[in-house]
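Novice: Before we start, here is the structure in question, set down as structure tokens.
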Amino acid sequence: MRVRKPLPLVVTVEHASCALPAACRGLGVRAARLRSHQGWDPGARLVGVHVARALAAPVFLGRWSRLFVDLNRSATHPRVVPRVAHGEPVPGNRDLDAAARRGRIERYWQPWRDAVERRLAAMVARRGGVLHVSVHSFVGELDGEVRNADFGMLYDPRRARERALVEQLQTSLVASGHRVRRNYPYAGRSDGFTSHLRRLYPDRVYAGIEIEMNQDSVGRPARARRWAEDIVEALRPLVAAGGMP
């Protein structure tokens with residue numbers, strides 16, 4: 001199945017920043033840890049912004065480190081405010097009681113998620129459907145395992161439109177010289193923003209794809225810009241102009 005009718009595009013970068021609100025007093029973690037893959041997705045912001053601008057799409061950028069609040073986790077997920085990340089404690093989160101945890105989610109997680117959902121709802125109402133591309137990056141080696149891909153495409157293979165879109169994106173990116181794997185290095189149906197949105201919208205109006213990029217390459221700005229151009233060219237035939245209001 002090929003996707004014949006282009007869709008308006010929305011881009012999100014949940015882990016675009018390693019910043020912390022001044023009031024949180026640093027979470028008790030080292031600055032180097034915040035700047036590492038534990039604190040954000042290096043390269044994802046640059047790529048997401050470039051893709052959105054090139055394709056005239058709205059882009060929503062996460063403002064705070066994933067160690068503070070993870071926009072790509074459900075509000076009830078244990079790691080939405082992680083007490084431990086990659087085996088290391090996050091001291092500023094460890095002793096939060098339920099009320100403080102709920103307050104952080106309401107103040108820093110909910111408004112961003114609501115803003116994206118409002119835009120998606122408006123585009124579905126106005127255009128009859130939407131393609132949501134969520135941009136992430138992954139560390140090239142984790143726990144001794146070398147991740148042997150440039151791109152991972154995360155999606156729900158039960159949804160025909162997502163499956164067709166990923167097939168076309170993979171074909172284009174492979175033609176540009178990239179190693180592309182599906183539902184790698186994570187499962188596309190695991191807890192995440194796209195999984196939540198699939199429960200709100202049927203396949204015929206919503207397609208959510210997480211593009212994961214290897215940080216060994218995309219963490220370098222010059223390489224990130226080249227990869228962003230390859231993503232733009234892969235998405236262009238699938239995306240209708242006019243995503244902006």
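Identifiers in the structure tokens: chain A, B, ... in order shown; residue index from 1 per chain; ligand index from 1 in order shown.
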Enumerate, in order of chain and increasing residue number, the residues of range 53-83 of chain A with an atom no farther than 8 Å from range 5-9 of chain A, each with its shortest atom pair and distance in Å to one decimal, counting only C-alpha atoms, as CSV.
Specialist:
residue,atom,partner,partner_atom,distance
A:Leu55,CA,A:Leu9,CA,8.0
A:Ala57,CA,A:Leu9,CA,5.6
A:Pro58,CA,A:Leu9,CA,7.5
Novice: Taking only range 61-195 of chain A into account, list the residues labelled alpha helix (DSSP H) by DSSP (computed from the backbone), as a PyMOL selection string.
Specialist: chain A and resi 91-94+98-104+110-127+160-175+193-195
Novice: List the neighbours of Arg225 in chain A out to 9 Å using only C-alpha atoms; skip same-chain residues closer than 5 positions along the sequence, and give me the result as a ChimeraX atom specification.
Specialist: /A:46-47,50,218,220,230
Novice: Calculated over only C-alpha atoms, which of the candidates A:Ala125, A:Val29, A:Glu117, A:Val133 has the smallest distance to Val84 in chain A?
Specialist: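 Using only C-alpha atoms, the shortest distance to Val84 in chain A belongs to A:Val29.
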Novice: Report the residues of range 56-201 of chain A whose backbone DSSP state falls under strand (DSSP E or B), written as a ChimeraX atom specification.
Specialist: /A:59-61,84-85,88-89,130-138,141-142,145-146,151-154,180-182
Novice: Please identify all polymer residues within 6 Å of Phe138 in chain A, counting only C-alpha atoms, omitting same-chain residues fewer than 4 positions from it, and present them as a list in words.
Specialist: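 Contacts, with the query itself left out: Met213, Asn214 and Gln215 of chain A.
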Novice: Could you check how far CA of Arg94 in chain A sits from CA of Pro21 in chain A, in Å to one decimal?
Specialist: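 We find that CA of Arg94 in chain A and CA of Pro21 in chain A lie 17.3 Å from each other.
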Novice: If we count only C-alpha atoms and set the cut-off at 12 Å, which residues sit around Gly129 in chain A, ignoring sequence neighbours fewer than 2 positions away in its own chain? Please answer as number ranges by chain.
Specialist: A: 5-10, 119-127, 131-132, 161, 201-208, 239-240, 243
Novice: Which is closer to Asp95 in chain A than all the others in A:Gly128, A:Gly177, A:Gly28, A:Gly43, using only C-alpha atoms?
Specialist: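 Nearest to Asp95 in chain A: A:Gly28.
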Novice: I'd like a table as a Markdown table: residues in range 138-158 of chain A with an atom no more than 12 Å from range 34-39 of chain A, each row giving the shortest atom pair and its distance in Å to one decimal, only C-alpha atoms counted, sorted by chain and rising residue number.
Specialist:
| residue | atom | partner | partner_atom | distance |
| --- | --- | --- | --- | --- |
| A:Phe138 | CA | A:His37 | CA | 7.5 |
| A:Val139 | CA | A:His37 | CA | 6.6 |
| A:Gly140 | CA | A:His37 | CA | 10.2 |
| A:Glu141 | CA | A:His37 | CA | 11.1 |
| A:Leu142 | CA | A:His37 | CA | 10.6 |
Novice: Can you work out which one of A:His77, A:Arg159, A:His136, A:Arg83 has the shortest atom-to-atom distance to Ala44 in chain A, counting only C-alpha atoms?
Specialist: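 Of A:His77, A:Arg159, A:His136, A:Arg83, the one nearest Ala44 in chain A, counting only C-alpha atoms, is A:His136.
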Novice: Take CA of Glu212 in chain A and CA of Leu169 in chain A and report the distance between them in Å, one decimal.
Specialist: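 About the pair CA of Glu212 in chain A and CA of Leu169 in chain A: they are 12.6 Å apart.
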Novice: Check the smallest atom-to-atom distance from each of A:Trp109, A:Tyr184, A:Trp64, A:Phe151 to Ala22 in chain A using only C-alpha atoms, then report the winner.
Specialist: A:Trp64
Novice: Find, counting only C-alpha atoms, the residue in A:Val232, A:Ala75, A:Val69, A:Leu173 that gets nearest to Phe193 in chain A.
Specialist: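 Once distances to Phe193 in chain A are computed over only C-alpha atoms, the minimum belongs to A:Ala75.
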Novice: Quick one: everything within 9 Å of Val13 in chain A, counting only C-alpha atoms, minus sequence neighbours fewer than 5 positions away in the same chain. Send it as a PyMOL selection string.
Specialist: chain A and resi 41+44-45+48-49+59-62+133-136
Novice: Export, as a PDB file, in the first residue's frame, the selected residues with N, CA and C atoms.
Specialist:
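Final output, selection_13.pdb:
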ATOM      1  N   ASP A  41      17.906  14.745  23.740  1.00  0.00           N
ATOM      2  CA  ASP A  41      18.247  14.017  22.521  1.00  0.00           C
ATOM      3  C   ASP A  41      19.129  14.902  21.646  1.00  0.00           C
ATOM      4  N   ALA A  44      18.389  16.361  17.851  1.00  0.00           N
ATOM      5  CA  ALA A  44      16.980  16.271  17.469  1.00  0.00           C
ATOM      6  C   ALA A  44      16.378  17.653  17.227  1.00  0.00           C
ATOM      7  N   ARG A  45      16.718  18.633  18.059  1.00  0.00           N
ATOM      8  CA  ARG A  45      16.149  19.972  17.901  1.00  0.00           C
ATOM      9  C   ARG A  45      16.533  20.563  16.539  1.00  0.00           C
ATOM     10  N   GLY A  48      14.593  18.682  13.818  1.00  0.00           N
ATOM     11  CA  GLY A  48      13.162  18.958  13.847  1.00  0.00           C
ATOM     12  C   GLY A  48      12.808  20.337  13.347  1.00  0.00           C
ATOM     13  N   VAL A  49      13.575  21.338  13.759  1.00  0.00           N
ATOM     14  CA  VAL A  49      13.310  22.711  13.320  1.00  0.00           C
ATOM     15  C   VAL A  49      13.541  22.838  11.822  1.00  0.00           C
ATOM     16  N   VAL A  59       6.062  23.354  14.552  1.00  0.00           N
ATOM     17  CA  VAL A  59       6.971  22.522  15.329  1.00  0.00           C
ATOM     18  C   VAL A  59       6.809  22.869  16.801  1.00  0.00           C
ATOM     19  N   PHE A  60       6.778  21.842  17.641  1.00  0.00           N
ATOM     20  CA  PHE A  60       6.634  22.001  19.088  1.00  0.00           C
ATOM     21  C   PHE A  60       7.877  21.421  19.749  1.00  0.00           C
ATOM     22  N   LEU A  61       8.606  22.273  20.466  1.00  0.00           N
ATOM     23  CA  LEU A  61       9.874  21.887  21.071  1.00  0.00           C
ATOM     24  C   LEU A  61       9.728  21.780  22.581  1.00  0.00           C
ATOM     25  N   GLY A  62      10.153  20.649  23.135  1.00  0.00           N
ATOM     26  CA  GLY A  62      10.190  20.528  24.581  1.00  0.00           C
ATOM     27  C   GLY A  62      11.186  21.517  25.165  1.00  0.00           C
ATOM     28  N   VAL A 133       5.156  13.725  12.999  1.00  0.00           N
ATOM     29  CA  VAL A 133       6.520  13.199  13.052  1.00  0.00           C
ATOM     30  C   VAL A 133       7.168  13.682  14.339  1.00  0.00           C
ATOM     31  N   SER A 134       7.534  12.744  15.181  1.00  0.00           N
ATOM     32  CA  SER A 134       8.174  13.010  16.463  1.00  0.00           C
ATOM     33  C   SER A 134       9.660  12.679  16.314  1.00  0.00           C
ATOM     34  N   VAL A 135      10.532  13.678  16.514  1.00  0.00           N
ATOM     35  CA  VAL A 135      11.956  13.539  16.200  1.00  0.00           C
ATOM     36  C   VAL A 135      12.749  13.259  17.479  1.00  0.00           C
ATOM     37  N   HIS A 136      13.541  12.187  17.440  1.00  0.00           N
ATOM     38  CA  HIS A 136      14.352  11.762  18.579  1.00  0.00           C
ATOM     39  C   HIS A 136      15.727  11.330  18.098  1.00  0.00           C
TER      40      HIS A 136
END
Novice: When you count only C-alpha atoms, which of these residues is closest to Asp70 in chain A: A:Arg158, A:His86, A:His178, A:Arg113?
Specialist: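 Residue with the minimum atom-to-atom distance to Asp70 in chain A: A:Arg113.
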Novice: Could you work out how far CA of Arg63 in chain A lies from CA of His15 in chain A, giving the answer in Å with one decimal?
Specialist: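 So the answer is 7.9 Å.
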